[in-house]
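Structure file query12.pdb (PDB, C-alpha atoms, pLDDT in the B column) follows.
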```pdb
ATOM      1  CA  MET E 896      91.113  77.002  47.497  1.00 59.00           C
ATOM      2  CA  ARG E 897      89.562  74.012  49.226  1.00 52.00           C
ATOM      3  CA  ALA E 898      86.604  74.033  46.799  1.00 52.00           C
ATOM      4  CA  LEU E 899      89.003  74.279  43.807  1.00 48.00           C
ATOM      5  CA  ARG E 900      91.030  71.349  45.160  1.00 53.00           C
ATOM      6  CA  ILE E 901      87.878  69.246  45.531  1.00 52.00           C
ATOM      7  CA  THR E 902      86.762  70.162  42.004  1.00 52.00           C
ATOM      8  CA  LEU E 903      90.140  69.151  40.578  1.00 52.00           C
ATOM      9  CA  ILE E 904      90.034  65.838  42.438  1.00 51.00           C
ATOM     10  CA  VAL E 905      86.551  65.118  41.093  1.00 47.00           C
ATOM     11  CA  VAL E 906      87.638  65.998  37.545  1.00 47.00           C
ATOM     12  CA  VAL E 907      90.663  63.689  37.803  1.00 48.00           C
ATOM     13  CA  ILE E 908      88.546  60.842  39.171  1.00 51.00           C
ATOM     14  CA  LEU E 909      85.884  61.266  36.490  1.00 46.00           C
ATOM     15  CA  GLY E 910      88.570  61.481  33.812  1.00 46.00           C
ATOM     16  CA  GLY E 911      90.172  58.303  35.101  1.00 52.00           C
ATOM     17  CA  LEU E 912      86.848  56.520  35.127  1.00 46.00           C
ATOM     18  CA  PHE E 913      86.172  57.652  31.547  1.00 47.00           C
ATOM     19  CA  VAL E 914      89.559  56.405  30.387  1.00 55.00           C
ATOM     20  CA  LEU E 915      89.004  53.098  32.188  1.00 58.00           C
ATOM     21  CA  ALA E 916      85.553  52.700  30.644  1.00 64.00           C
ATOM     22  CA  ASP E 917      86.934  53.615  27.225  1.00 61.00           C
ATOM     23  CA  ARG E 918      89.755  51.039  27.448  1.00 64.00           C
ATOM     24  CA  LEU E 919      87.388  48.337  28.685  1.00 69.00           C
ATOM     25  CA  ALA E 920      85.023  49.071  25.805  1.00 71.00           C
ATOM     26  CA  VAL E 921      87.776  49.008  23.182  1.00 78.00           C
ATOM     27  CA  GLY E 922      89.100  45.718  24.564  1.00 79.00           C
ATOM     28  CA  PHE E 923      85.662  44.159  24.321  1.00 81.00           C
ATOM     29  CA  ALA E 924      85.210  45.490  20.774  1.00 81.00           C
ATOM     30  CA  GLU E 925      88.618  44.144  19.691  1.00 84.00           C
ATOM     31  CA  ASP E 926      87.781  40.682  21.043  1.00 85.00           C
ATOM     32  CA  GLU E 927      84.382  40.654  19.339  1.00 84.00           C
ATOM     33  CA  ALA E 928      85.827  41.846  16.029  1.00 82.00           C
ATOM     34  CA  ALA E 929      88.585  39.218  16.181  1.00 85.00           C
ATOM     35  CA  GLU E 930      86.070  36.412  16.739  1.00 85.00           C
ATOM     36  CA  GLN E 931      83.860  37.661  13.907  1.00 83.00           C
ATOM     37  CA  LEU E 932      86.870  37.815  11.548  1.00 83.00           C
ATOM     38  CA  LYS E 933      87.942  34.328  12.581  1.00 85.00           C
ATOM     39  CA  THR E 934      84.474  32.994  11.746  1.00 84.00           C
ATOM     40  CA  THR E 935      84.113  34.940   8.497  1.00 81.00           C
ATOM     41  CA  GLU E 936      87.490  33.820   7.124  1.00 82.00           C
ATOM     42  CA  ASN E 937      87.392  30.345   8.700  1.00 82.00           C
ATOM     43  CA  LEU E 938      90.733  30.904  10.423  1.00 83.00           C
ATOM     44  CA  ALA E 939      92.407  28.247  12.546  1.00 84.00           C
ATOM     45  CA  ALA E 940      93.534  30.804  15.135  1.00 87.00           C
ATOM     46  CA  THR E 941      92.044  34.047  16.393  1.00 90.00           C
ATOM     47  CA  PRO E 942      93.642  37.054  14.638  1.00 89.00           C
ATOM     48  CA  ASP E 943      94.971  40.147  16.373  1.00 90.00           C
ATOM     49  CA  VAL E 944      92.702  43.180  16.108  1.00 88.00           C
ATOM     50  CA  SER E 945      93.794  46.574  17.417  1.00 89.00           C
ATOM     51  CA  ILE E 946      91.494  49.594  17.317  1.00 86.00           C
ATOM     52  CA  LYS E 947      93.506  52.811  17.239  1.00 86.00           C
ATOM     53  CA  GLY E 948      92.501  56.316  18.287  1.00 76.00           C
ATOM     54  CA  PHE E 949      91.148  57.813  21.492  1.00 76.00           C
ATOM     55  CA  PRO E 950      88.527  58.034  22.707  1.00 82.00           C
ATOM     56  CA  PHE E 951      86.968  54.856  21.377  1.00 77.00           C
ATOM     57  CA  LEU E 952      83.520  55.543  22.804  1.00 78.00           C
ATOM     58  CA  THR E 953      82.950  58.552  20.559  1.00 82.00           C
ATOM     59  CA  GLN E 954      83.990  56.503  17.517  1.00 80.00           C
ATOM     60  CA  MET E 955      81.617  53.748  18.572  1.00 78.00           C
ATOM     61  CA  ALA E 956      78.794  56.248  18.890  1.00 78.00           C
ATOM     62  CA  SER E 957      79.412  57.426  15.317  1.00 79.00           C
ATOM     63  CA  GLY E 958      79.379  53.861  13.939  1.00 78.00           C
ATOM     64  CA  GLU E 959      82.776  54.305  12.250  1.00 84.00           C
ATOM     65  CA  LEU E 960      86.322  53.576  13.430  1.00 85.00           C
ATOM     66  CA  ASP E 961      89.164  55.721  12.142  1.00 87.00           C
ATOM     67  CA  ASP E 962      91.948  53.139  12.136  1.00 89.00           C
ATOM     68  CA  VAL E 963      91.991  49.379  12.771  1.00 90.00           C
ATOM     69  CA  GLU E 964      95.017  47.089  12.508  1.00 92.00           C
ATOM     70  CA  VAL E 965      94.557  43.376  11.811  1.00 90.00           C
ATOM     71  CA  GLY E 966      97.235  40.690  12.093  1.00 91.00           C
ATOM     72  CA  ILE E 967      96.889  37.102  10.862  1.00 91.00           C
ATOM     73  CA  GLU E 968      99.878  34.856  11.510  1.00 90.00           C
ATOM     74  CA  ASP E 969      99.067  32.180   8.932  1.00 89.00           C
ATOM     75  CA  TYR E 970      96.428  32.381   6.233  1.00 88.00           C
ATOM     76  CA  GLU E 971      95.580  29.708   3.675  1.00 87.00           C
ATOM     77  CA  ALA E 972      94.702  31.612   0.517  1.00 84.00           C
ATOM     78  CA  THR E 973      93.107  29.934  -2.470  1.00 80.00           C
ATOM     79  CA  ALA E 974      95.488  29.562  -5.381  1.00 76.00           C
ATOM     80  CA  GLY E 975      93.514  28.817  -8.533  1.00 68.00           C
ATOM     81  CA  THR E 976      90.458  26.797  -9.473  1.00 65.00           C
ATOM     82  CA  GLY E 977      91.708  23.333  -8.537  1.00 66.00           C
ATOM     83  CA  GLY E 978      91.285  23.704  -4.797  1.00 70.00           C
ATOM     84  CA  GLU E 979      94.965  24.448  -4.198  1.00 79.00           C
ATOM     85  CA  THR E 980      96.008  26.774  -1.395  1.00 84.00           C
ATOM     86  CA  ILE E 981      99.117  28.738  -0.533  1.00 88.00           C
ATOM     87  CA  ARG E 982     100.155  29.791   2.957  1.00 90.00           C
ATOM     88  CA  ILE E 983     100.478  33.529   3.505  1.00 91.00           C
ATOM     89  CA  ALA E 984     102.584  34.340   6.560  1.00 91.00           C
ATOM     90  CA  GLY E 985     102.534  37.414   8.790  1.00 91.00           C
ATOM     91  CA  LEU E 986      99.654  39.242   7.130  1.00 92.00           C
ATOM     92  CA  LYS E 987      99.255  42.710   8.644  1.00 94.00           C
ATOM     93  CA  ALA E 988      96.617  45.097   7.340  1.00 91.00           C
ATOM     94  CA  ASN E 989      95.781  48.657   8.265  1.00 92.00           C
ATOM     95  CA  MET E 990      92.088  49.485   7.779  1.00 89.00           C
ATOM     96  CA  LYS E 991      90.774  53.047   7.484  1.00 91.00           C
ATOM     97  CA  GLY E 992      87.196  54.251   7.858  1.00 90.00           C
ATOM     98  CA  VAL E 993      85.717  51.040   9.278  1.00 87.00           C
ATOM     99  CA  GLN E 994      81.927  51.116   9.450  1.00 86.00           C
ATOM    100  CA  PHE E 995      80.363  48.486  11.703  1.00 78.00           C
ATOM    101  CA  SER E 996      77.035  47.252  12.997  1.00 76.00           C
ATOM    102  CA  GLY E 997      76.045  47.622  16.630  1.00 66.00           C
ATOM    103  CA  ASP E 998      76.711  43.963  17.458  1.00 66.00           C
ATOM    104  CA  TYR E 999      79.985  43.872  15.421  1.00 63.00           C
ATOM    105  CA  SER E1000      78.511  41.154  13.191  1.00 69.00           C
ATOM    106  CA  SER E1001      79.508  43.156  10.111  1.00 76.00           C
ATOM    107  CA  ALA E1002      82.319  45.602   9.430  1.00 81.00           C
ATOM    108  CA  THR E1003      83.657  47.116   6.219  1.00 87.00           C
ATOM    109  CA  ALA E1004      86.750  49.284   5.730  1.00 88.00           C
ATOM    110  CA  ALA E1005      86.770  52.076   3.164  1.00 91.00           C
ATOM    111  CA  THR E1006      90.436  51.382   2.365  1.00 92.00           C
ATOM    112  CA  ALA E1007      93.112  48.925   3.423  1.00 92.00           C
ATOM    113  CA  THR E1008      96.857  48.528   2.931  1.00 94.00           C
ATOM    114  CA  GLY E1009      99.115  45.818   4.279  1.00 93.00           C
ATOM    115  CA  THR E1010     102.074  43.494   4.015  1.00 95.00           C
ATOM    116  CA  ALA E1011     102.639  39.741   4.106  1.00 94.00           C
ATOM    117  CA  SER E1012     105.132  37.138   2.932  1.00 94.00           C
ATOM    118  CA  ILE E1013     105.343  33.811   1.127  1.00 94.00           C
ATOM    119  CA  THR E1014     108.283  31.606   2.042  1.00 94.00           C
ATOM    120  CA  TYR E1015     110.508  30.250  -0.715  1.00 93.00           C
ATOM    121  CA  ASP E1016     109.582  26.697   0.273  1.00 92.00           C
ATOM    122  CA  GLU E1017     105.901  27.564  -0.178  1.00 91.00           C
ATOM    123  CA  LEU E1018     106.487  29.246  -3.533  1.00 90.00           C
ATOM    124  CA  LEU E1019     108.616  26.292  -4.676  1.00 89.00           C
ATOM    125  CA  LYS E1020     105.472  24.131  -4.746  1.00 85.00           C
ATOM    126  CA  THR E1021     104.397  26.081  -7.833  1.00 84.00           C
ATOM    127  CA  ALA E1022     107.595  25.457  -9.823  1.00 81.00           C
ATOM    128  CA  GLN E1023     108.208  22.450 -12.065  1.00 71.00           C
ATOM    129  CA  SER E1024     109.439  19.933  -9.489  1.00 74.00           C
ATOM    130  CA  GLU E1025     109.324  16.784 -11.642  1.00 82.00           C
ATOM    131  CA  PRO E1026     112.117  16.122 -14.179  1.00 86.00           C
ATOM    132  CA  THR E1027     110.908  17.277 -17.573  1.00 84.00           C
ATOM    133  CA  GLU E1028     112.530  16.827 -20.983  1.00 87.00           C
ATOM    134  CA  VAL E1029     113.762  20.166 -22.271  1.00 85.00           C
ATOM    135  CA  GLY E1030     115.926  18.978 -25.162  1.00 83.00           C
ATOM    136  CA  PRO E1031     117.543  15.908 -26.733  1.00 84.00           C
ATOM    137  CA  GLY E1032     118.714  13.765 -23.830  1.00 85.00           C
ATOM    138  CA  VAL E1033     118.224  16.580 -21.307  1.00 87.00           C
ATOM    139  CA  THR E1034     115.770  16.676 -18.397  1.00 88.00           C
ATOM    140  CA  ALA E1035     115.556  19.392 -15.751  1.00 89.00           C
ATOM    141  CA  HIS E1036     113.499  20.594 -12.798  1.00 90.00           C
ATOM    142  CA  VAL E1037     113.598  23.303 -10.129  1.00 92.00           C
ATOM    143  CA  VAL E1038     114.984  22.133  -6.790  1.00 93.00           C
ATOM    144  CA  GLY E1039     115.297  25.344  -4.795  1.00 92.00           C
ATOM    145  CA  LEU E1040     114.549  29.040  -4.468  1.00 94.00           C
ATOM    146  CA  SER E1041     116.477  31.617  -2.468  1.00 95.00           C
ATOM    147  CA  ASP E1042     117.266  35.314  -2.254  1.00 94.00           C
ATOM    148  CA  GLY E1043     119.324  36.438  -5.231  1.00 93.00           C
ATOM    149  CA  GLY E1044     119.839  40.004  -4.015  1.00 92.00           C
ATOM    150  CA  ASN E1045     118.623  43.266  -5.537  1.00 91.00           C
ATOM    151  CA  GLY E1046     115.012  42.118  -5.364  1.00 90.00           C
ATOM    152  CA  ARG E1047     115.538  38.983  -7.446  1.00 93.00           C
ATOM    153  CA  ILE E1048     115.077  35.266  -6.802  1.00 95.00           C
ATOM    154  CA  LYS E1049     117.868  32.721  -7.312  1.00 95.00           C
ATOM    155  CA  VAL E1050     116.363  29.629  -8.922  1.00 94.00           C
ATOM    156  CA  ALA E1051     118.279  26.349  -8.617  1.00 93.00           C
ATOM    157  CA  VAL E1052     117.707  23.921 -11.493  1.00 91.00           C
ATOM    158  CA  GLU E1053     118.902  20.316 -11.422  1.00 91.00           C
ATOM    159  CA  ALA E1054     119.603  18.765 -14.819  1.00 89.00           C
ATOM    160  CA  THR E1055     120.450  15.340 -16.253  1.00 89.00           C
ATOM    161  CA  VAL E1056     122.263  15.145 -19.600  1.00 87.00           C
ATOM    162  CA  LEU E1057     122.379  11.849 -21.496  1.00 86.00           C
ATOM    163  CA  GLY E1058     121.535   9.977 -18.318  1.00 86.00           C
ATOM    164  CA  VAL E1059     124.190  11.704 -16.199  1.00 88.00           C
ATOM    165  CA  LYS E1060     123.072  14.146 -13.529  1.00 88.00           C
ATOM    166  CA  LEU E1061     125.133  17.321 -13.488  1.00 87.00           C
ATOM    167  CA  PRO E1062     127.184  17.480 -10.256  1.00 89.00           C
ATOM    168  CA  ASN E1063     125.827  20.906  -9.270  1.00 88.00           C
ATOM    169  CA  PRO E1064     122.543  22.714  -9.853  1.00 90.00           C
ATOM    170  CA  VAL E1065     122.383  25.405 -12.497  1.00 89.00           C
ATOM    171  CA  TYR E1066     121.444  28.793 -11.041  1.00 91.00           C
ATOM    172  CA  VAL E1067     119.503  31.584 -12.722  1.00 92.00           C
ATOM    173  CA  LEU E1068     118.489  34.978 -11.384  1.00 94.00           C
ATOM    174  CA  SER E1069     114.830  35.758 -11.877  1.00 95.00           C
ATOM    175  CA  SER E1070     112.601  38.803 -11.575  1.00 95.00           C
ATOM    176  CA  VAL E1071     109.402  38.551  -9.561  1.00 95.00           C
ATOM    177  CA  THR E1072     106.356  40.698 -10.276  1.00 94.00           C
ATOM    178  CA  ALA E1073     102.690  40.931  -9.367  1.00 92.00           C
ATOM    179  CA  GLU E1074     100.205  41.096 -12.222  1.00 91.00           C
ATOM    180  CA  GLY E1075      96.632  41.259 -11.062  1.00 88.00           C
ATOM    181  CA  ASP E1076      96.135  38.374  -8.646  1.00 88.00           C
ATOM    182  CA  THR E1077      99.223  36.473  -9.823  1.00 90.00           C
ATOM    183  CA  VAL E1078     102.858  36.350  -8.682  1.00 92.00           C
ATOM    184  CA  LYS E1079     105.123  35.721 -11.690  1.00 93.00           C
ATOM    185  CA  VAL E1080     108.751  34.531 -11.676  1.00 94.00           C
ATOM    186  CA  HIS E1081     110.644  35.189 -14.940  1.00 94.00           C
ATOM    187  CA  ALA E1082     114.302  34.265 -15.571  1.00 93.00           C
ATOM    188  CA  ASP E1083     116.482  37.251 -16.508  1.00 93.00           C
ATOM    189  CA  SER E1084     118.817  34.959 -18.458  1.00 87.00           C
ATOM    190  CA  LEU E1085     118.539  31.338 -19.543  1.00 83.00           C
ATOM    191  CA  PRO E1086     120.606  28.513 -18.054  1.00 80.00           C
ATOM    192  CA  SER E1087     123.034  26.293 -19.925  1.00 78.00           C
ATOM    193  CA  PHE E1088     122.569  22.568 -19.386  1.00 76.00           C
ATOM    194  CA  GLY E1089     125.940  20.918 -19.874  1.00 71.00           C
ATOM    195  CA  GLY E1090     126.624  22.900 -23.023  1.00 73.00           C
ATOM    196  CA  VAL E1091     123.553  21.515 -24.813  1.00 74.00           C
ATOM    197  CA  ASP E1092     121.583  24.125 -26.762  1.00 73.00           C
ATOM    198  CA  ILE E1093     118.013  24.342 -25.501  1.00 80.00           C
ATOM    199  CA  ALA E1094     115.211  26.293 -27.150  1.00 83.00           C
ATOM    200  CA  GLU E1095     114.218  29.302 -25.071  1.00 85.00           C
ATOM    201  CA  SER E1096     110.591  28.223 -24.820  1.00 86.00           C
ATOM    202  CA  ARG E1097     111.604  24.791 -23.503  1.00 87.00           C
ATOM    203  CA  ALA E1098     114.019  26.275 -20.980  1.00 86.00           C
ATOM    204  CA  ARG E1099     111.397  28.715 -19.734  1.00 89.00           C
ATOM    205  CA  ASP E1100     108.996  25.836 -19.204  1.00 88.00           C
ATOM    206  CA  ILE E1101     111.317  25.047 -16.290  1.00 88.00           C
ATOM    207  CA  THR E1102     112.682  28.383 -15.114  1.00 89.00           C
ATOM    208  CA  ASP E1103     109.513  30.510 -15.349  1.00 92.00           C
ATOM    209  CA  PHE E1104     106.412  29.914 -13.276  1.00 90.00           C
ATOM    210  CA  GLU E1105     103.555  31.758 -11.637  1.00 90.00           C
ATOM    211  CA  GLN E1106     101.315  31.507  -8.594  1.00 88.00           C
ATOM    212  CA  ARG E1107      97.772  32.807  -8.572  1.00 88.00           C
ATOM    213  CA  ILE E1108      96.539  34.199  -5.241  1.00 86.00           C
ATOM    214  CA  ASP E1109      92.875  35.105  -5.377  1.00 80.00           C
ATOM    215  CA  GLY E1110      91.537  34.389  -1.924  1.00 78.00           C
ATOM    216  CA  LEU E1111      93.044  36.963   0.421  1.00 85.00           C
ATOM    217  CA  PRO E1112      90.862  37.951   3.415  1.00 83.00           C
ATOM    218  CA  GLY E1113      88.183  40.568   2.956  1.00 81.00           C
ATOM    219  CA  GLY E1114      88.787  40.855  -0.774  1.00 82.00           C
ATOM    220  CA  ILE E1115      92.141  42.655  -0.533  1.00 88.00           C
ATOM    221  CA  GLN E1116      94.344  42.345  -3.622  1.00 89.00           C
ATOM    222  CA  LEU E1117      98.013  41.965  -4.477  1.00 90.00           C
ATOM    223  CA  ASP E1118      99.748  45.287  -5.113  1.00 92.00           C
ATOM    224  CA  LYS E1119     103.517  44.754  -5.251  1.00 93.00           C
ATOM    225  CA  VAL E1120     105.939  41.877  -4.712  1.00 93.00           C
ATOM    226  CA  GLU E1121     109.685  41.653  -4.097  1.00 93.00           C
ATOM    227  CA  ALA E1122     112.196  38.944  -3.283  1.00 94.00           C
ATOM    228  CA  ALA E1123     113.628  39.177   0.234  1.00 93.00           C
ATOM    229  CA  GLU E1124     115.925  37.156   2.474  1.00 91.00           C
ATOM    230  CA  ASN E1125     113.469  34.480   3.584  1.00 91.00           C
ATOM    231  CA  GLY E1126     110.791  34.659   0.911  1.00 93.00           C
ATOM    232  CA  VAL E1127     108.683  36.872  -1.274  1.00 94.00           C
ATOM    233  CA  GLU E1128     107.424  40.021   0.454  1.00 95.00           C
ATOM    234  CA  ILE E1129     104.094  41.271  -0.842  1.00 93.00           C
ATOM    235  CA  THR E1130     102.070  44.417  -0.295  1.00 94.00           C
ATOM    236  CA  VAL E1131      98.308  44.387  -0.554  1.00 93.00           C
ATOM    237  CA  LYS E1132      95.601  46.999  -0.892  1.00 93.00           C
ATOM    238  CA  GLY E1133      91.866  47.193  -1.265  1.00 90.00           C
ATOM    239  CA  SER E1134      88.701  49.246  -0.932  1.00 90.00           C
ATOM    240  CA  ASN E1135      85.389  48.309   0.670  1.00 89.00           C
ATOM    241  CA  VAL E1136      87.216  45.515   2.466  1.00 84.00           C
ATOM    242  CA  ARG E1137      84.957  43.241   4.481  1.00 80.00           C
ATOM    243  CA  LEU E1138      86.286  42.372   7.920  1.00 75.00           C
ATOM    244  CA  ALA E1139      83.188  40.540   9.104  1.00 69.00           C
ATOM    245  CA  GLY E1140      79.660  39.694   8.061  1.00 61.00           C
TER
END
```
Spell out the structure here as structure tokens.
Amino acid sequence: MRALRITLIVVVILGGLFVLADRLAVGFAEDEAAEQLKTTENLAATPDVSIKGFPFLTQMASGELDDVEVGIEDYEATAGTGGETIRIAGLKANMKGVQFSGDYSSATAATATGTASITYDELLKTAQSEPTEVGPGVTAHVVGLSDGGNGRIKVAVEATVLGVKLPNPVYVLSSVTAEGDTVKVHADSLPSFGGVDIAESRARDITDFEQRIDGLPGGIQLDKVEAAENGVEITVKGSNVRLAG
């Protein structure tokens, strides 16, 4: 009995030491991966990197991690060819099958899925914000975006008719979709500007707009998009996603 008790104590101690070593190793790897991702994507702040699964040491020995979660609070994505950017908030990505080099200088995920958001104020920068003539004696421009319910955006349009600004904005409900690397906002019905008939194409020059997003980290792509309470919620996906290197 005494020998069995000693053996059990040794096993517990060795197991504890293994767990401690494993957690220390995974913490070091997470820090290294976060710094590499920060450098690769030129981030202002260090992202959160969490390596899932236990034990980590056996995954490290194989050169492939089963599951890695990455969180970036604010990301400036490129938005077209003119050097414009758009701020992506709360980007969280789940990476599967991450192969990495021994010094963590390069890492690539077989697949990735994630979520993020674009605030309405950020998306508003894309809309026609300067008064534009849409018909005889009528100018209009978008002044606000908000949640319209049922996955739609409520677009507020301010109009001036024959030199007189309408006392209240005109509101239209719009659908939002993702097509390729572009978020598109399309009015479900056209507004009426003080009873003046406006050609549909001219009205849509104001109400409809789009935002290209082609610079998400690691080469992930837009998948779906939906209007929510505080902004547009997007889902992303990708394959052979580069985390570092």
*What residues come out when you apply the PyMOL selection byres ((chain E and resi 955) around 10) to this file, written as a list in words?*
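This file, filtered by the PyMOL selection byres ((chain E and resi 955) around 10), leaves Ala920, Val921, Ala924, Pro950, Phe951, Leu952, Thr953, Gln954, Ala956, Ser957, Gly958, Glu959, Leu960, Gln994, Phe995, Ser996 and Gly997 of chain E.
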Please, which residues in stretch 977-1077 of chain E fall within 8 Å of stretch 1105-1115 of chain E when counting all atoms listed in the file, and what is the closest atom pair and distance in Å to one decimal for each, ordered by chain then residue number, as a tab-separated table?
```
residue	atom	partner	partner_atom	distance
E:Ile981	CA	E:Ile1108	CA	7.7
E:Ala1007	CA	E:Ile1115	CA	7.5
E:Leu1018	CA	E:Gln1106	CA	7.6
E:Thr1021	CA	E:Gln1106	CA	6.3
E:Ala1022	CA	E:Glu1105	CA	7.7
E:Asp1076	CA	E:Ile1108	CA	5.4
E:Thr1077	CA	E:Arg1107	CA	4.1
```
*Smallest atom-to-atom distance to E:Glu1095: which of E:Leu986, E:Val1029, E:Ala974, E:Leu1061, using all atoms listed in the file?*
E:Val1029
*Step by step, work through what the PyMOL selection byres ((chain E and resi 1136) around 10) selects in the shown file, and finish by giving those residues as a PyMOL selection string.*
chain E and resi 990-991+993+1002-1007+1112-1116+1132-1135+1137-1139
*asked:* Could you tell me, as a ChimeraX atom specification, exactly which residues end up selected when the PyMOL selection byres ((chain E and resi 1033) around 8) is applied to this structure?
replied: /E:1028-1032,1034-1035,1054-1058,1088
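In terms of minimum interatomic distance to E:Gly1090, E:Val1065 ranks closest within E:Ala988, E:Val1065, E:Lys1119, E:Asp1016, counting all atoms listed in the file.
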*Could you tell me how far atom CA of E:Asn1063 lies from atom CA of E:Thr1014, in Å and to one decimal?*
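Between these atoms lies a distance of 23.5 Å.
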Please put the answer as AutoDock Vina command-line options: centre and edge lengths, in Å with one decimal, of a box along x, y and z that encloses all listed atoms of stretch 968-987 of chain E plus 8 Å on each side.
```
--center_x 96.5 --center_y 33.0 --center_z 1.0 --size_x 28.1 --size_y 35.4 --size_z 37.0
```
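Within the 9 Å cut-off around E:Asp1083, using all atoms listed in the file and omitting residues fewer than 5 positions from it on the same chain, the listed residues are Val1067, Leu1068, Ser1069 and Ser1070 of chain E.
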*Go through E:Ala1098, E:Gly1043, E:Phe1104, E:Leu938 one by one, measure the shortest atom-to-atom distance of each to E:Lys1020 using only C-alpha atoms, and give the residue with the smallest value.*
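Among the listed residues, the smallest separation from E:Lys1020 belongs to E:Phe1104.
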_Distance criterion (only C-alpha atoms): nearest to E:Lys1060 out of E:His1081, E:Gly1046, E:Pro1026, E:Ser1012_ =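 Closest to E:Lys1060 of all the choices is E:Pro1026.
Atom CA of E:Tyr970 sits 28.3 Å away from atom CA of E:Ala1082.
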*Would you please work out which residue, of E:Asp1092, E:Asp961, E:Glu1121, E:Glu927, is nearest to E:Gly992 when using only C-alpha atoms?*
E:Asp961
*What does the distance between atom CA of E:Val1050 and atom CA of E:Val1078 come to in Å, to one decimal place?*
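Going from atom CA of E:Val1050 over to atom CA of E:Val1078 covers 15.1 Å.
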*Counting only C-alpha atoms, the option among E:Asn1045, E:Ile967, E:Ala1051, E:Asp1100 closest to E:Gln1023*: E:Asp1100
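If you count all atoms listed in the file and ignore residues fewer than 2 places along the chain from stretch 941-948 of chain E, what sits within 6 Å of it is Glu925, Ala929, Lys933, Asp962, Val963, Glu964, Val965, Gly966 and Ile967 of chain E.
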Residues as selected, C-alpha atoms, written as a PDB file, keeping the file's coordinate frame, can you do that?
```pdb
ATOM      1  CA  GLU E 925      88.618  44.144  19.691  1.00 84.00           C
ATOM      2  CA  ALA E 929      88.585  39.218  16.181  1.00 85.00           C
ATOM      3  CA  LYS E 933      87.942  34.328  12.581  1.00 85.00           C
ATOM      4  CA  ASP E 962      91.948  53.139  12.136  1.00 89.00           C
ATOM      5  CA  VAL E 963      91.991  49.379  12.771  1.00 90.00           C
ATOM      6  CA  GLU E 964      95.017  47.089  12.508  1.00 92.00           C
ATOM      7  CA  VAL E 965      94.557  43.376  11.811  1.00 90.00           C
ATOM      8  CA  GLY E 966      97.235  40.690  12.093  1.00 91.00           C
ATOM      9  CA  ILE E 967      96.889  37.102  10.862  1.00 91.00           C
TER      10      ILE E 967
END
```
Completed stretch 1064-1074 of chain E (N, CA, C and O atoms) as a PDB file, in the frame of the given file:
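This is the output file part34.pdb:
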```pdb
ATOM      1  N   PRO E1064     123.689  22.057  -9.214  1.00 90.00           N
ATOM      2  CA  PRO E1064     122.543  22.714  -9.853  1.00 90.00           C
ATOM      3  C   PRO E1064     122.989  23.885 -10.716  1.00 90.00           C
ATOM      4  O   PRO E1064     124.040  24.486 -10.490  1.00 90.00           O
ATOM      5  N   VAL E1065     122.188  24.215 -11.688  1.00 89.00           N
ATOM      6  CA  VAL E1065     122.383  25.405 -12.497  1.00 89.00           C
ATOM      7  C   VAL E1065     121.544  26.520 -11.873  1.00 89.00           C
ATOM      8  O   VAL E1065     120.374  26.307 -11.547  1.00 89.00           O
ATOM      9  N   TYR E1066     122.152  27.698 -11.693  1.00 91.00           N
ATOM     10  CA  TYR E1066     121.444  28.793 -11.041  1.00 91.00           C
ATOM     11  C   TYR E1066     121.112  29.899 -12.039  1.00 91.00           C
ATOM     12  O   TYR E1066     121.935  30.254 -12.891  1.00 91.00           O
ATOM     13  N   VAL E1067     119.903  30.432 -11.923  1.00 92.00           N
ATOM     14  CA  VAL E1067     119.503  31.584 -12.722  1.00 92.00           C
ATOM     15  C   VAL E1067     118.871  32.626 -11.811  1.00 92.00           C
ATOM     16  O   VAL E1067     118.206  32.282 -10.825  1.00 92.00           O
ATOM     17  N   LEU E1068     119.123  33.889 -12.120  1.00 94.00           N
ATOM     18  CA  LEU E1068     118.489  34.978 -11.384  1.00 94.00           C
ATOM     19  C   LEU E1068     117.201  35.355 -12.089  1.00 94.00           C
ATOM     20  O   LEU E1068     117.174  35.498 -13.314  1.00 94.00           O
ATOM     21  N   SER E1069     116.151  35.527 -11.299  1.00 95.00           N
ATOM     22  CA  SER E1069     114.830  35.758 -11.877  1.00 95.00           C
ATOM     23  C   SER E1069     114.165  36.970 -11.246  1.00 95.00           C
ATOM     24  O   SER E1069     114.330  37.246 -10.053  1.00 95.00           O
ATOM     25  N   SER E1070     113.407  37.688 -12.066  1.00 95.00           N
ATOM     26  CA  SER E1070     112.601  38.803 -11.575  1.00 95.00           C
ATOM     27  C   SER E1070     111.268  38.265 -11.072  1.00 95.00           C
ATOM     28  O   SER E1070     110.767  37.264 -11.568  1.00 95.00           O
ATOM     29  N   VAL E1071     110.706  38.950 -10.083  1.00 95.00           N
ATOM     30  CA  VAL E1071     109.402  38.551  -9.561  1.00 95.00           C
ATOM     31  C   VAL E1071     108.490  39.775  -9.590  1.00 95.00           C
ATOM     32  O   VAL E1071     108.883  40.863  -9.167  1.00 95.00           O
ATOM     33  N   THR E1072     107.299  39.595 -10.135  1.00 94.00           N
ATOM     34  CA  THR E1072     106.356  40.698 -10.276  1.00 94.00           C
ATOM     35  C   THR E1072     104.956  40.245  -9.889  1.00 94.00           C
ATOM     36  O   THR E1072     104.672  39.044  -9.835  1.00 94.00           O
ATOM     37  N   ALA E1073     104.102  41.217  -9.626  1.00 92.00           N
ATOM     38  CA  ALA E1073     102.690  40.931  -9.367  1.00 92.00           C
ATOM     39  C   ALA E1073     101.877  41.514 -10.512  1.00 92.00           C
ATOM     40  O   ALA E1073     101.976  42.702 -10.821  1.00 92.00           O
ATOM     41  N   GLU E1074     101.094  40.661 -11.151  1.00 91.00           N
ATOM     42  CA  GLU E1074     100.205  41.096 -12.222  1.00 91.00           C
ATOM     43  C   GLU E1074      98.794  40.643 -11.875  1.00 91.00           C
ATOM     44  O   GLU E1074      98.486  39.457 -11.917  1.00 91.00           O
TER      45      GLU E1074
END
```
